[in-house]
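What's in entry.pdb: PDB, C-alpha atoms and all ligand atoms
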ATOM      1  CA  MET Z 274      14.139  10.622 -12.378
ATOM      2  CA  SER Z 275      14.143   6.989 -11.371
ATOM      3  CA  ARG Z 276      11.462   4.555 -12.466
ATOM      4  CA  LEU Z 277       8.357   4.669 -10.297
ATOM      5  CA  ARG Z 278       7.465   1.204  -9.006
ATOM      6  CA  LEU Z 279       3.902  -0.078  -9.125
ATOM      7  CA  GLY Z 280       2.717  -2.298  -6.293
ATOM      8  CA  VAL Z 281      -0.566  -4.003  -7.157
ATOM      9  CA  ASN Z 282      -2.802  -4.636  -4.162
ATOM     10  CA  ILE Z 283      -4.758  -7.856  -4.764
ATOM     11  CA  ASP Z 284      -6.942  -7.654  -1.620
ATOM     12  CA  HIS Z 285     -10.164  -7.210  -3.517
ATOM     13  CA  VAL Z 286      -9.654 -10.327  -5.610
ATOM     14  CA  ALA Z 287      -9.706 -12.103  -2.246
ATOM     15  CA  THR Z 288     -12.791 -10.096  -1.200
ATOM     16  CA  ILE Z 289     -14.710 -11.490  -4.175
ATOM     17  CA  ARG Z 290     -13.405 -14.998  -3.499
ATOM     18  CA  ASN Z 291     -14.457 -14.761   0.133
ATOM     19  CA  ALA Z 292     -17.985 -13.697  -0.833
ATOM     20  CA  ARG Z 293     -18.621 -17.343  -1.753
ATOM     21  CA  GLY Z 294     -16.110 -18.988   0.546
ATOM     22  CA  GLY Z 295     -14.422 -21.010  -2.210
ATOM     23  CA  LEU Z 296     -11.158 -20.697  -4.105
ATOM     24  CA  HIS Z 297     -12.246 -18.504  -7.034
ATOM     25  CA  PRO Z 298     -11.072 -15.937  -8.026
ATOM     26  CA  ASP Z 299      -7.570 -16.789  -6.837
ATOM     27  CA  PRO Z 300      -5.493 -13.774  -5.652
ATOM     28  CA  VAL Z 301      -2.292 -15.649  -6.526
ATOM     29  CA  ARG Z 302      -3.426 -15.917 -10.152
ATOM     30  CA  ALA Z 303      -4.135 -12.165 -10.110
ATOM     31  CA  ALA Z 304      -0.647 -11.513  -8.731
ATOM     32  CA  VAL Z 305       0.949 -13.592 -11.523
ATOM     33  CA  ILE Z 306      -1.043 -11.705 -14.180
ATOM     34  CA  ALA Z 307      -0.133  -8.348 -12.592
ATOM     35  CA  SER Z 308       3.512  -9.399 -12.576
ATOM     36  CA  GLU Z 309       3.441 -10.287 -16.271
ATOM     37  CA  ALA Z 310       1.691  -6.980 -17.067
ATOM     38  CA  GLY Z 311       4.380  -4.797 -15.469
ATOM     39  CA  ALA Z 312       3.776  -4.659 -11.719
ATOM     40  CA  ASP Z 313       6.935  -4.341  -9.634
ATOM     41  CA  GLY Z 314       5.487  -5.713  -6.428
ATOM     42  CA  ILE Z 315       2.405  -7.262  -4.880
ATOM     43  CA  THR Z 316       0.694  -5.781  -1.848
ATOM     44  CA  ALA Z 317      -1.801  -7.507   0.430
ATOM     45  CA  HIS Z 318      -3.372  -6.587   3.761
ATOM     46  CA  LEU Z 319      -3.939  -9.384   6.251
ATOM     47  CA  ARG Z 320      -6.666  -7.882   8.393
ATOM     48  CA  GLU Z 321      -7.581  -9.026  11.834
ATOM     49  CA  ASP Z 322     -10.996 -10.108  10.506
ATOM     50  CA  ARG Z 323      -9.463 -11.763   7.378
ATOM     51  CA  ARG Z 324     -11.924 -10.024   5.094
ATOM     52  CA  HIS Z 325      -9.388  -9.905   2.231
ATOM     53  CA  ILE Z 326      -6.492 -12.317   2.071
ATOM     54  CA  ILE Z 327      -6.268 -15.160   4.575
ATOM     55  CA  ASP Z 328      -3.197 -16.615   6.265
ATOM     56  CA  GLU Z 329      -2.720 -19.356   3.639
ATOM     57  CA  ASP Z 330      -2.522 -16.763   0.859
ATOM     58  CA  ILE Z 331       0.702 -15.285   2.228
ATOM     59  CA  GLY Z 332       2.850 -18.370   1.726
ATOM     60  CA  GLN Z 333       1.330 -18.948  -1.689
ATOM     61  CA  LEU Z 334       1.929 -15.356  -2.793
ATOM     62  CA  ILE Z 335       5.558 -15.605  -1.714
ATOM     63  CA  GLY Z 336       6.031 -19.056  -3.247
ATOM     64  CA  ALA Z 337       4.253 -18.640  -6.577
ATOM     65  CA  VAL Z 338       4.956 -15.019  -7.488
ATOM     66  CA  ALA Z 339       8.415 -13.794  -8.417
ATOM     67  CA  LEU Z 340       7.712 -10.225  -7.266
ATOM     68  CA  PRO Z 341       8.439  -8.932  -3.763
ATOM     69  CA  LEU Z 342       5.489  -9.066  -1.375
ATOM     70  CA  ASN Z 343       4.588  -6.017   0.676
ATOM     71  CA  LEU Z 344       2.490  -7.233   3.603
ATOM     72  CA  GLU Z 345       0.242  -4.589   5.115
ATOM     73  CA  MET Z 346      -0.333  -5.289   8.774
ATOM     74  CA  ALA Z 347      -1.616  -3.750  11.972
ATOM     75  CA  ALA Z 348       0.894  -3.247  14.779
ATOM     76  CA  THR Z 349      -0.230  -6.261  16.806
ATOM     77  CA  GLY Z 350       1.575  -9.246  18.276
ATOM     78  CA  GLU Z 351      -0.454 -11.622  16.099
ATOM     79  CA  MET Z 352       0.562  -9.862  12.883
ATOM     80  CA  LEU Z 353       4.175  -9.548  13.980
ATOM     81  CA  ALA Z 354       4.357 -13.327  14.532
ATOM     82  CA  ILE Z 355       2.858 -13.978  11.088
ATOM     83  CA  ALA Z 356       5.280 -11.559   9.411
ATOM     84  CA  LEU Z 357       8.258 -13.122  11.173
ATOM     85  CA  ARG Z 358       7.116 -16.595  10.077
ATOM     86  CA  HIS Z 359       6.780 -15.649   6.392
ATOM     87  CA  ARG Z 360       9.422 -12.933   6.104
ATOM     88  CA  PRO Z 361       7.903 -10.938   3.233
ATOM     89  CA  HIS Z 362      10.179  -8.489   1.422
ATOM     90  CA  ALA Z 363       8.413  -5.571   3.094
ATOM     91  CA  ALA Z 364       5.876  -4.867   5.811
ATOM     92  CA  CYS Z 365       3.765  -1.732   5.817
ATOM     93  CA  ILE Z 366       2.325  -0.923   9.219
ATOM     94  CA  VAL Z 367      -1.199   0.419   8.883
ATOM     95  CA  PRO Z 368      -3.785   1.568  11.405
ATOM     96  CA  GLU Z 369      -6.693  -0.821  11.655
ATOM     97  CA  ARG Z 370     -10.145  -0.474  13.089
ATOM     98  CA  ARG Z 371     -12.436  -3.456  12.753
ATOM     99  CA  GLU Z 372     -15.516  -1.452  11.783
ATOM    100  CA  GLU Z 373     -13.857   0.648   9.035
ATOM    101  CA  VAL Z 374     -14.658  -0.033   5.381
ATOM    102  CA  THR Z 375     -11.037   0.593   4.376
ATOM    103  CA  THR Z 376      -7.901   2.078   5.918
ATOM    104  CA  GLU Z 377      -9.401   5.487   6.551
ATOM    105  CA  GLY Z 378      -6.383   7.490   7.548
ATOM    106  CA  GLY Z 379      -2.709   7.259   8.335
ATOM    107  CA  LEU Z 380      -1.051   5.646  11.314
ATOM    108  CA  ASP Z 381      -0.426   7.908  14.305
ATOM    109  CA  ALA Z 382       3.286   7.110  14.376
ATOM    110  CA  ALA Z 383       3.937  10.090  16.640
ATOM    111  CA  GLY Z 384       1.329   9.044  19.214
ATOM    112  CA  GLN Z 385       2.244   5.347  19.116
ATOM    113  CA  HIS Z 386       6.000   5.766  19.118
ATOM    114  CA  ASP Z 387       6.715   3.534  22.121
ATOM    115  CA  HIS Z 388       4.366   0.788  20.937
ATOM    116  CA  LEU Z 389       5.833   0.781  17.428
ATOM    117  CA  LYS Z 390       9.517   0.940  18.329
ATOM    118  CA  PRO Z 391      10.069  -2.720  19.409
ATOM    119  CA  LEU Z 392       7.817  -4.080  16.652
ATOM    120  CA  ILE Z 393       9.759  -2.166  13.992
ATOM    121  CA  ALA Z 394      13.027  -3.367  15.503
ATOM    122  CA  GLU Z 395      11.929  -7.021  15.307
ATOM    123  CA  LEU Z 396      10.745  -6.718  11.721
ATOM    124  CA  GLY Z 397      13.937  -4.926  10.729
ATOM    125  CA  ALA Z 398      16.135  -7.504  12.461
ATOM    126  CA  ALA Z 399      14.364 -10.216  10.413
ATOM    127  CA  GLY Z 400      15.418  -8.435   7.214
ATOM    128  CA  ILE Z 401      11.921  -7.096   6.453
ATOM    129  CA  ARG Z 402      11.837  -3.588   4.989
ATOM    130  CA  VAL Z 403       9.466  -1.662   7.241
ATOM    131  CA  SER Z 404       7.270   1.178   6.112
ATOM    132  CA  LEU Z 405       4.707   3.253   7.970
ATOM    133  CA  PHE Z 406       1.427   4.244   6.302
ATOM    134  CA  ILE Z 407       1.114   7.863   7.472
ATOM    135  CA  GLU Z 408      -0.603  11.089   6.530
ATOM    136  CA  PRO Z 409       1.610  13.512   4.574
ATOM    137  CA  ASP Z 410       2.226  15.450   7.779
ATOM    138  CA  PRO Z 411       5.644  16.739   8.989
ATOM    139  CA  ARG Z 412       4.905  15.568  12.547
ATOM    140  CA  GLN Z 413       4.397  11.981  11.367
ATOM    141  CA  ILE Z 414       7.533  12.144   9.201
ATOM    142  CA  GLN Z 415       9.506  13.314  12.232
ATOM    143  CA  ALA Z 416       8.174  10.291  14.134
ATOM    144  CA  ALA Z 417       9.206   8.009  11.257
ATOM    145  CA  VAL Z 418      12.709   9.509  11.383
ATOM    146  CA  SER Z 419      12.922   8.912  15.097
ATOM    147  CA  LEU Z 420      11.635   5.337  14.666
ATOM    148  CA  GLY Z 421      14.361   4.708  12.070
ATOM    149  CA  VAL Z 422      12.164   3.224   9.315
ATOM    150  CA  PRO Z 423      13.613   3.131   5.777
ATOM    151  CA  VAL Z 424      10.257   3.815   4.072
ATOM    152  CA  VAL Z 425       7.021   5.741   4.611
ATOM    153  CA  GLU Z 426       3.893   5.408   2.509
ATOM    154  CA  PHE Z 427       1.750   8.525   2.322
ATOM    155  CA  HIS Z 428      -2.002   8.032   2.530
ATOM    156  CA  THR Z 429      -3.389   9.746  -0.575
ATOM    157  CA  GLY Z 430      -7.061   9.377   0.426
ATOM    158  CA  ARG Z 431      -7.548  13.058   1.187
ATOM    159  CA  TYR Z 432      -5.958  13.973  -2.156
ATOM    160  CA  ALA Z 433      -8.059  11.423  -4.036
ATOM    161  CA  HIS Z 434     -11.318  12.472  -2.426
ATOM    162  CA  SER Z 435     -10.907  16.229  -2.756
ATOM    163  CA  GLU Z 436     -11.646  18.407  -5.760
ATOM    164  CA  GLY Z 437     -10.548  21.680  -7.334
ATOM    165  CA  GLU Z 438      -8.510  23.959  -5.082
ATOM    166  CA  GLY Z 439      -8.773  21.458  -2.240
ATOM    167  CA  ARG Z 440      -7.063  18.838  -4.361
ATOM    168  CA  SER Z 441      -4.209  21.231  -5.201
ATOM    169  CA  VAL Z 442      -3.706  21.829  -1.484
ATOM    170  CA  GLU Z 443      -3.643  18.089  -0.786
ATOM    171  CA  LEU Z 444      -1.252  17.482  -3.692
ATOM    172  CA  ARG Z 445       1.123  20.077  -2.274
ATOM    173  CA  ARG Z 446       0.981  18.388   1.129
ATOM    174  CA  VAL Z 447       2.006  15.077  -0.474
ATOM    175  CA  ALA Z 448       4.758  16.726  -2.533
ATOM    176  CA  ASP Z 449       6.159  18.615   0.480
ATOM    177  CA  ALA Z 450       5.995  15.479   2.619
ATOM    178  CA  ALA Z 451       7.830  13.448  -0.038
ATOM    179  CA  ALA Z 452      10.582  16.066  -0.206
ATOM    180  CA  LEU Z 453      10.893  16.158   3.599
ATOM    181  CA  ALA Z 454      11.023  12.342   3.878
ATOM    182  CA  ALA Z 455      13.672  12.082   1.154
ATOM    183  CA  LYS Z 456      15.717  14.848   2.780
ATOM    184  CA  ASN Z 457      15.749  12.732   5.928
ATOM    185  CA  GLY Z 458      16.880   9.609   4.058
ATOM    186  CA  ILE Z 459      13.459   7.932   4.039
ATOM    187  CA  GLU Z 460      12.083   6.529   0.780
ATOM    188  CA  PRO Z 461       8.570   7.895   0.182
ATOM    189  CA  HIS Z 462       5.793   5.736  -1.285
ATOM    190  CA  ALA Z 463       2.133   6.664  -1.759
ATOM    191  CA  GLY Z 464      -1.220   4.989  -2.102
ATOM    192  CA  HIS Z 465      -4.957   4.885  -1.490
ATOM    193  CA  GLY Z 466      -7.722   5.907  -3.853
ATOM    194  CA  LEU Z 467      -5.461   6.304  -6.902
ATOM    195  CA  THR Z 468      -7.083   5.928 -10.322
ATOM    196  CA  PHE Z 469      -6.384   6.698 -13.988
ATOM    197  CA  ASP Z 470      -7.987  10.108 -13.368
ATOM    198  CA  ASN Z 471      -5.870  11.211 -10.420
ATOM    199  CA  VAL Z 472      -2.577   9.281 -10.596
ATOM    200  CA  LEU Z 473      -0.538  11.585 -12.861
ATOM    201  CA  PRO Z 474       0.201  14.471 -10.427
ATOM    202  CA  ILE Z 475       1.170  12.019  -7.673
ATOM    203  CA  ALA Z 476       3.325   9.977 -10.077
ATOM    204  CA  ALA Z 477       5.096  13.181 -11.127
ATOM    205  CA  ILE Z 478       6.377  13.897  -7.594
ATOM    206  CA  PRO Z 479      10.063  13.152  -8.136
ATOM    207  CA  GLN Z 480      10.946  11.686  -4.723
ATOM    208  CA  ILE Z 481       8.117   9.150  -4.679
ATOM    209  CA  ALA Z 482       9.545   5.724  -5.480
ATOM    210  CA  GLU Z 483       6.466   3.476  -5.365
ATOM    211  CA  LEU Z 484       2.685   3.630  -5.664
ATOM    212  CA  ASN Z 485       0.467   0.934  -4.188
ATOM    213  CA  ILE Z 486      -2.863   0.685  -5.959
ATOM    214  CA  GLY Z 487      -5.647  -1.814  -5.420
ATOM    215  CA  HIS Z 488      -9.360  -1.110  -5.441
ATOM    216  CA  PHE Z 489      -9.449   0.828  -8.697
ATOM    217  CA  LEU Z 490      -7.309  -1.671 -10.623
ATOM    218  CA  ILE Z 491      -9.335  -4.685  -9.517
ATOM    219  CA  GLY Z 492     -12.643  -2.882 -10.134
ATOM    220  CA  GLU Z 493     -11.568  -1.709 -13.583
ATOM    221  CA  ALA Z 494     -10.352  -5.215 -14.411
ATOM    222  CA  ILE Z 495     -13.994  -6.356 -14.377
ATOM    223  CA  PHE Z 496     -14.492  -4.338 -17.556
ATOM    224  CA  ASP Z 497     -11.134  -4.477 -19.296
ATOM    225  CA  GLY Z 498      -9.236  -7.392 -17.781
ATOM    226  CA  LEU Z 499      -6.453  -7.172 -15.221
ATOM    227  CA  ALA Z 500      -3.466  -7.274 -17.575
ATOM    228  CA  PRO Z 501      -4.566  -4.331 -19.793
ATOM    229  CA  VAL Z 502      -5.500  -2.266 -16.739
ATOM    230  CA  VAL Z 503      -2.143  -2.863 -15.024
ATOM    231  CA  ARG Z 504      -0.324  -2.156 -18.306
ATOM    232  CA  ARG Z 505      -2.172   1.148 -18.724
ATOM    233  CA  MET Z 506      -1.447   2.245 -15.146
ATOM    234  CA  ARG Z 507       2.210   1.297 -15.653
ATOM    235  CA  GLN Z 508       2.339   3.385 -18.836
ATOM    236  CA  MET Z 509       0.697   6.419 -17.212
ATOM    237  CA  MET Z 510       3.141   6.254 -14.312
ATOM    238  CA  ASP Z 511       6.073   6.096 -16.744
ATOM    239  CA  GLU Z 512       4.729   9.049 -18.719
ATOM    240  CA  ALA Z 513       4.412  11.156 -15.579
ATOM    241  CA  ARG Z 514       8.161  10.908 -14.830
TER     242      ARG Z 514
HETATM  243  N1  LIG H   1      -1.509   1.350   0.521
HETATM  244  C1  LIG H   1      -1.973   0.960   1.722
HETATM  245  C2  LIG H   1      -1.047   0.988   2.884
HETATM  246  C3  LIG H   1      -3.309   0.531   1.879
HETATM  247  O1  LIG H   1      -3.760   0.141   3.089
HETATM  248  C4  LIG H   1      -4.137   0.471   0.745
HETATM  249  C5  LIG H   1      -5.533  -0.018   0.871
HETATM  250  O2  LIG H   1      -6.230   0.787   1.710
HETATM  251  C6  LIG H   1      -3.602   0.871  -0.489
HETATM  252  C7  LIG H   1      -2.286   1.304  -0.565
HETATM  253  C8  LIG H   1      -4.392   0.811  -1.753
HETATM  254  O3  LIG H   1      -5.525   1.608  -1.714
HETATM  255  P1  LIG H   1      -6.613   1.445  -2.848
HETATM  256  O4  LIG H   1      -7.188   0.064  -2.689
HETATM  257  O5  LIG H   1      -7.589   2.531  -2.559
HETATM  258  O6  LIG H   1      -5.924   1.591  -4.164
END
structure tokens encoding of this file:
Amino acid sequence: MSRLRLGVNIDHVATIRNARGGLHPDPVRAAVIASEAGADGITAHLREDRRHIIDEDIGQLIGAVALPLNLEMAATGEMLAIALRHRPHAACIVPERREEVTTEGGLDAAGQHDHLKPLIAELGAAGIRVSLFIEPDPRQIQAAVSLGVPVVEFHTGRYAHSEGEGRSVELRRVADAAALAAKNGIEPHAGHGLTFDNVLPIAAIPQIAELNIGHFLIGEAIFDGLAPVVRRMRQMMDEAR
């Protein structure tokens, strides 16, 4: 089984910075530390309301960090223009509602097919690897196939927030979705709500190539420091393969 990549989402370093409007803590410094501790990529979500990273962070993350940047973005003209200006390694298209606390569910790629098609084409033509953040649902995977994206990221929120038998059902949905995506030539990634307690079964799904993890790592870093926390997640992911 190939090595499972870890994308560290540094949004919540920016959230803390923004609470005081200054420059500290610096998400770029967090990205450098994550890189040295074994991350394979950095993920950041430029939201319409700029509650996490801000526009200036993108250029700095690309310039100062050796790892590929995965820019999470809503499917809007504003975000497309920003992505085309910076040309991150990858762009993950996520649904976005201003009032939500976090990205609460997957993108309706099936329902938004005609809106997404030209946006995906422009990102792809600029050499940006496009992924769609979708529920582990065969209908959404079919839409991703028809949209021609190379990558999908499965929203693991329902898995992470369920318990007992419910969690086994959600795990199976993710595993089946990963197998279906891979069978159709799409590289499956996963993320949302992953922690030391729930990452192993997801990391053991053989087709999944990358996990993107943010809130837990940054929260845990308050107690143990970012480098040890990233190193431990990296080790657990390796052990699961
Ligand atoms: N992947 C995507 C596409 C996301 O939008 C997010 C944040 O919601 C994550 C991964 C990471 O989720 P979390 O912060 O819960 O680890």
Neighbouring residues of ligand LIG 1 (chain H) are defined here as those with any atom at most 10 Å from a ligand atom, counting only C-alpha atoms and all ligand atoms; list them as a PDB file with C-alpha atoms, in the coordinates of the input.
ATOM      1  CA  GLY Z 280       2.717  -2.298  -6.293  1.00  0.00           C
ATOM      2  CA  VAL Z 281      -0.566  -4.003  -7.157  1.00  0.00           C
ATOM      3  CA  ASN Z 282      -2.802  -4.636  -4.162  1.00  0.00           C
ATOM      4  CA  ILE Z 283      -4.758  -7.856  -4.764  1.00  0.00           C
ATOM      5  CA  ASP Z 284      -6.942  -7.654  -1.620  1.00  0.00           C
ATOM      6  CA  HIS Z 285     -10.164  -7.210  -3.517  1.00  0.00           C
ATOM      7  CA  THR Z 316       0.694  -5.781  -1.848  1.00  0.00           C
ATOM      8  CA  ALA Z 317      -1.801  -7.507   0.430  1.00  0.00           C
ATOM      9  CA  HIS Z 318      -3.372  -6.587   3.761  1.00  0.00           C
ATOM     10  CA  ASN Z 343       4.588  -6.017   0.676  1.00  0.00           C
ATOM     11  CA  LEU Z 344       2.490  -7.233   3.603  1.00  0.00           C
ATOM     12  CA  GLU Z 345       0.242  -4.589   5.115  1.00  0.00           C
ATOM     13  CA  MET Z 346      -0.333  -5.289   8.774  1.00  0.00           C
ATOM     14  CA  ALA Z 347      -1.616  -3.750  11.972  1.00  0.00           C
ATOM     15  CA  ALA Z 364       5.876  -4.867   5.811  1.00  0.00           C
ATOM     16  CA  CYS Z 365       3.765  -1.732   5.817  1.00  0.00           C
ATOM     17  CA  ILE Z 366       2.325  -0.923   9.219  1.00  0.00           C
ATOM     18  CA  VAL Z 367      -1.199   0.419   8.883  1.00  0.00           C
ATOM     19  CA  PRO Z 368      -3.785   1.568  11.405  1.00  0.00           C
ATOM     20  CA  GLU Z 369      -6.693  -0.821  11.655  1.00  0.00           C
ATOM     21  CA  VAL Z 374     -14.658  -0.033   5.381  1.00  0.00           C
ATOM     22  CA  THR Z 375     -11.037   0.593   4.376  1.00  0.00           C
ATOM     23  CA  THR Z 376      -7.901   2.078   5.918  1.00  0.00           C
ATOM     24  CA  GLU Z 377      -9.401   5.487   6.551  1.00  0.00           C
ATOM     25  CA  GLY Z 378      -6.383   7.490   7.548  1.00  0.00           C
ATOM     26  CA  GLY Z 379      -2.709   7.259   8.335  1.00  0.00           C
ATOM     27  CA  LEU Z 380      -1.051   5.646  11.314  1.00  0.00           C
ATOM     28  CA  SER Z 404       7.270   1.178   6.112  1.00  0.00           C
ATOM     29  CA  LEU Z 405       4.707   3.253   7.970  1.00  0.00           C
ATOM     30  CA  PHE Z 406       1.427   4.244   6.302  1.00  0.00           C
ATOM     31  CA  ILE Z 407       1.114   7.863   7.472  1.00  0.00           C
ATOM     32  CA  VAL Z 425       7.021   5.741   4.611  1.00  0.00           C
ATOM     33  CA  GLU Z 426       3.893   5.408   2.509  1.00  0.00           C
ATOM     34  CA  PHE Z 427       1.750   8.525   2.322  1.00  0.00           C
ATOM     35  CA  HIS Z 428      -2.002   8.032   2.530  1.00  0.00           C
ATOM     36  CA  THR Z 429      -3.389   9.746  -0.575  1.00  0.00           C
ATOM     37  CA  GLY Z 430      -7.061   9.377   0.426  1.00  0.00           C
ATOM     38  CA  ALA Z 433      -8.059  11.423  -4.036  1.00  0.00           C
ATOM     39  CA  HIS Z 462       5.793   5.736  -1.285  1.00  0.00           C
ATOM     40  CA  ALA Z 463       2.133   6.664  -1.759  1.00  0.00           C
ATOM     41  CA  GLY Z 464      -1.220   4.989  -2.102  1.00  0.00           C
ATOM     42  CA  HIS Z 465      -4.957   4.885  -1.490  1.00  0.00           C
ATOM     43  CA  GLY Z 466      -7.722   5.907  -3.853  1.00  0.00           C
ATOM     44  CA  LEU Z 467      -5.461   6.304  -6.902  1.00  0.00           C
ATOM     45  CA  THR Z 468      -7.083   5.928 -10.322  1.00  0.00           C
ATOM     46  CA  LEU Z 484       2.685   3.630  -5.664  1.00  0.00           C
ATOM     47  CA  ASN Z 485       0.467   0.934  -4.188  1.00  0.00           C
ATOM     48  CA  ILE Z 486      -2.863   0.685  -5.959  1.00  0.00           C
ATOM     49  CA  GLY Z 487      -5.647  -1.814  -5.420  1.00  0.00           C
ATOM     50  CA  HIS Z 488      -9.360  -1.110  -5.441  1.00  0.00           C
ATOM     51  CA  PHE Z 489      -9.449   0.828  -8.697  1.00  0.00           C
ATOM     52  CA  LEU Z 490      -7.309  -1.671 -10.623  1.00  0.00           C
ATOM     53  CA  ILE Z 491      -9.335  -4.685  -9.517  1.00  0.00           C
ATOM     54  CA  GLY Z 492     -12.643  -2.882 -10.134  1.00  0.00           C
TER      55      GLY Z 492
END
Put the listed atoms of segment 323-339 of chain Z in a box along x, y and z with 4 Å added on every side and give me the centre and edge lengths in Å to one decimal, as JSON.
{"center_x": -1.8, "center_y": -14.6, "center_z": -0.5, "size_x": 28.3, "size_y": 17.5, "size_z": 23.8}
For this session: One decimal, Å: what's the distance from atom CA of Arg504 of chain Z over to atom CA of Gly311 of chain Z, could you say?
Result: 6.1 Å
Exercise. If you apply the PyMOL selection byres (((chain Z and resi 502) around 10) and not hetatm) to this file, what residues do you get, as a list in words?
Worked result: Ala307, Ala310, Phe469, Phe489, Leu490, Ile491, Gly492, Glu493, Ala494, Ile495, Phe496, Asp497, Gly498, Leu499, Ala500, Pro501, Val503, Arg504, Arg505, Met506, Arg507 and Gln508 of chain Z
Exercise. Could you pull the residues within 6 Å of segment 410-417 of chain Z, counting all atoms listed in the file, minus those fewer than 3 positions along the same chain, as a ChimeraX atom specification?
Worked result: /Z:382-383,420,422
For this session: Quote the spacing between atom CA of Ile478 of chain Z and atom CA of Ala312 of chain Z in Å to one decimal place.
Result: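 About the pair atom CA of Ile478 of chain Z and atom CA of Ala312 of chain Z: they are 19.2 Å apart.
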Exercise. If we count only C-alpha atoms, what is near segment 449-461 of chain Z at a cut-off of 6 Å, once residues fewer than 2 positions away on the same chain are taken out, given as a PyMOL selection string?
Worked result: chain Z and resi 409+423-426+445-447+480-481
For this session: Can you give me, as JSON, numbers by chain, the residues this file yields under the PyMOL selection byres (((chain Z and resi 276) around 10) and not hetatm)?
Result: {"Z": [274, 275, 277, 278, 279, 479, 481, 482, 483, 510, 511, 514]}
Problem set entry | Distance query Asn291 of chain Z at most 12 Å, only C-alpha atoms, self and fewer than 6 positions along chain excluded, as a PyMOL selection string | chain Z and resi 284-285+297-300+322-327
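What separates atom CA of Val305 of chain Z from atom CA of Asp328 of chain Z is a distance of 18.5 Å.
You can rank Z:Ile335, Z:Leu296, Z:Ile475, Z:Ala398 by their closest distance to Leu357 of chain Z using only C-alpha atoms, and at the top of that list sits Z:Ala398.
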